[in-house]
Amino acid sequence: MSKTITYVITYENGRWVSRCPTGEIEGVGVAGSLSQMERDLVDMHVWAWPEDTPGVEFVFDLPGHVAGVVTEYRREKELAEAHAKRAAELAVKAAKVLTSHWSEPDTARVMGLSKQRVHQLKVSA
C-alpha cells in the first residue's frame, strides 16, 4: 500500500455518502453502513490499482449537534489515554521504590494490586 485516499463522509437521507475531495475518485459512494462503505471503497481501490492499492481513510463531516459530541468524546479519550499512560508509568516507579523498602506482598497491599502484578511492575524495564 503506497498511499491513502481520503474520503469525506456525510450522512444524508439515511445513508452514508463518500466523496473524494482530491478528485482521485470521481462521483460519490453510498452505503447503509460505514463497514459496507469501507469494503466497497477497498474493493474499488483493488480493482483500480491492482499493483499498488492505496488505503482508505475517512474524514467525517457531521452535523453540528453530533460533531460537538464526537469532538468532546475524542478529546476526553485522548486525555484518558494520557492519564492511563502516566498511571502505568507511576505504577512501575511506585512498585520499584516500595519494594526497595518492603516485601512484594506488603507493597501489593499498599498499592491495592496483586503480588503478581507488583512483581511484574518491579521487573519491567
# chains A, B, ... in the order shown; residues from 1 in each chain; ligands from 1
$ residues_around --residues "A:Phe60" --least-positions-apart "2" --cutoff "7 Å" --atoms "only C-alpha atoms" --output "MDAnalysis selection string"
chainID A and resid 8:10 58 62
$ residues_around --residues "stretch 86-96 of chain A" --least-positions-apart "4" --cutoff "12 Å" --atoms "only C-alpha atoms" --output "PyMOL selection string"
chain A and resi 79-82+100-125
$ atom_distance --atom1 "atom CA of A:Ser18" --atom2 "atom CA of A:Gly64"
18.3 Å
$ closest_residue --among "A:Arg19, A:Thr99, A:Tyr11, A:Ile5" --to "A:Gly32" --atoms "only C-alpha atoms"
A:Tyr11
$ select_by_dssp --residues "stretch 91-123 of chain A" --states "alpha helix (DSSP H)" --output "list in words"
Ala91, Val92, Lys93, Ala94, Ala95, Lys96, Val97, Leu98, Thr99, Glu104, Pro105, Asp106, Thr107, Ala108, Arg109, Val110, Met111, Lys115, Gln116, Arg117, Val118, His119, Gln120, Leu121, Lys122 and Val123 of chain A
$ atom_distance --atom1 "atom CA of A:Cys20" --atom2 "atom CA of A:Glu76"
29.4 Å
$ closest_residue --among "A:Ile25, A:Ala31, A:Ala84, A:Val69" --to "A:Pro54" --atoms "only C-alpha atoms"
A:Ile25
$ closest_residue --among "A:Glu26, A:Tyr7, A:Glu12, A:His65" --to "A:Glu38" --atoms "only C-alpha atoms"
A:Tyr7
$ closest_residue --among "A:Val56, A:Met44, A:Met37, A:Leu98" --to "A:Ser2" --atoms "only C-alpha atoms"
A:Val56
$ closest_residue --among "A:Val70, A:Val59, A:Ala48, A:Val42" --to "A:Thr6" --atoms "only C-alpha atoms"
A:Val59
$ select_by_dssp --residues "stretch 17-82 of chain A" --states "strand (DSSP E)" --output "JSON, numbers by chain"
{"A": [17, 18, 19, 28, 29, 30, 31, 55, 56, 57, 58, 59, 60]}
$ atom_distance --atom1 "atom CA of A:Ser35" --atom2 "atom CA of A:Arg75"
24.0 Å
$ decode --residues "stretch 74-90 of chain A" --atoms "N, CA and C atoms" --output "PDB file, in the first residue's frame"
ATOM      1  N   ARG A  74     -13.651  12.506  21.670  1.00  0.00           N
ATOM      2  CA  ARG A  74     -12.259  12.273  21.258  1.00  0.00           C
ATOM      3  C   ARG A  74     -11.278  12.995  22.181  1.00  0.00           C
ATOM      4  N   ARG A  75     -11.619  14.210  22.574  1.00  0.00           N
ATOM      5  CA  ARG A  75     -10.758  14.972  23.476  1.00  0.00           C
ATOM      6  C   ARG A  75     -10.632  14.241  24.819  1.00  0.00           C
ATOM      7  N   GLU A  76     -11.756  13.811  25.367  1.00  0.00           N
ATOM      8  CA  GLU A  76     -11.734  13.108  26.645  1.00  0.00           C
ATOM      9  C   GLU A  76     -11.014  11.764  26.540  1.00  0.00           C
ATOM     10  N   LYS A  77     -11.177  11.090  25.414  1.00  0.00           N
ATOM     11  CA  LYS A  77     -10.493   9.818  25.204  1.00  0.00           C
ATOM     12  C   LYS A  77      -8.981  10.031  25.181  1.00  0.00           C
ATOM     13  N   GLU A  78      -8.522  11.061  24.492  1.00  0.00           N
ATOM     14  CA  GLU A  78      -7.089  11.370  24.456  1.00  0.00           C
ATOM     15  C   GLU A  78      -6.567  11.674  25.859  1.00  0.00           C
ATOM     16  N   LEU A  79      -7.332  12.446  26.621  1.00  0.00           N
ATOM     17  CA  LEU A  79      -6.923  12.756  27.992  1.00  0.00           C
ATOM     18  C   LEU A  79      -6.860  11.482  28.842  1.00  0.00           C
ATOM     19  N   ALA A  80      -7.861  10.631  28.698  1.00  0.00           N
ATOM     20  CA  ALA A  80      -7.891   9.386  29.463  1.00  0.00           C
ATOM     21  C   ALA A  80      -6.702   8.494  29.102  1.00  0.00           C
ATOM     22  N   GLU A  81      -6.374   8.431  27.821  1.00  0.00           N
ATOM     23  CA  GLU A  81      -5.229   7.622  27.394  1.00  0.00           C
ATOM     24  C   GLU A  81      -3.931   8.185  27.961  1.00  0.00           C
ATOM     25  N   ALA A  82      -3.814   9.511  27.970  1.00  0.00           N
ATOM     26  CA  ALA A  82      -2.623  10.142  28.546  1.00  0.00           C
ATOM     27  C   ALA A  82      -2.539   9.865  30.042  1.00  0.00           C
ATOM     28  N   HIS A  83      -3.674   9.945  30.722  1.00  0.00           N
ATOM     29  CA  HIS A  83      -3.696   9.660  32.155  1.00  0.00           C
ATOM     30  C   HIS A  83      -3.369   8.197  32.428  1.00  0.00           C
ATOM     31  N   ALA A  84      -3.898   7.308  31.614  1.00  0.00           N
ATOM     32  CA  ALA A  84      -3.626   5.879  31.790  1.00  0.00           C
ATOM     33  C   ALA A  84      -2.140   5.583  31.583  1.00  0.00           C
ATOM     34  N   LYS A  85      -1.546   6.233  30.589  1.00  0.00           N
ATOM     35  CA  LYS A  85      -0.113   6.049  30.337  1.00  0.00           C
ATOM     36  C   LYS A  85       0.692   6.540  31.536  1.00  0.00           C
ATOM     37  N   ARG A  86       0.337   7.703  32.045  1.00  0.00           N
ATOM     38  CA  ARG A  86       1.044   8.265  33.201  1.00  0.00           C
ATOM     39  C   ARG A  86       0.845   7.379  34.435  1.00  0.00           C
ATOM     40  N   ALA A  87      -0.360   6.879  34.634  1.00  0.00           N
ATOM     41  CA  ALA A  87      -0.627   5.993  35.771  1.00  0.00           C
ATOM     42  C   ALA A  87       0.209   4.718  35.663  1.00  0.00           C
ATOM     43  N   ALA A  88       0.353   4.185  34.469  1.00  0.00           N
ATOM     44  CA  ALA A  88       1.163   2.975  34.275  1.00  0.00           C
ATOM     45  C   ALA A  88       2.627   3.252  34.597  1.00  0.00           C
ATOM     46  N   GLU A  89       3.112   4.415  34.176  1.00  0.00           N
ATOM     47  CA  GLU A  89       4.491   4.802  34.479  1.00  0.00           C
ATOM     48  C   GLU A  89       4.692   4.937  35.988  1.00  0.00           C
ATOM     49  N   LEU A  90       3.723   5.562  36.644  1.00  0.00           N
ATOM     50  CA  LEU A  90       3.823   5.743  38.095  1.00  0.00           C
ATOM     51  C   LEU A  90       3.708   4.425  38.846  1.00  0.00           C
TER      52      LEU A  90
END
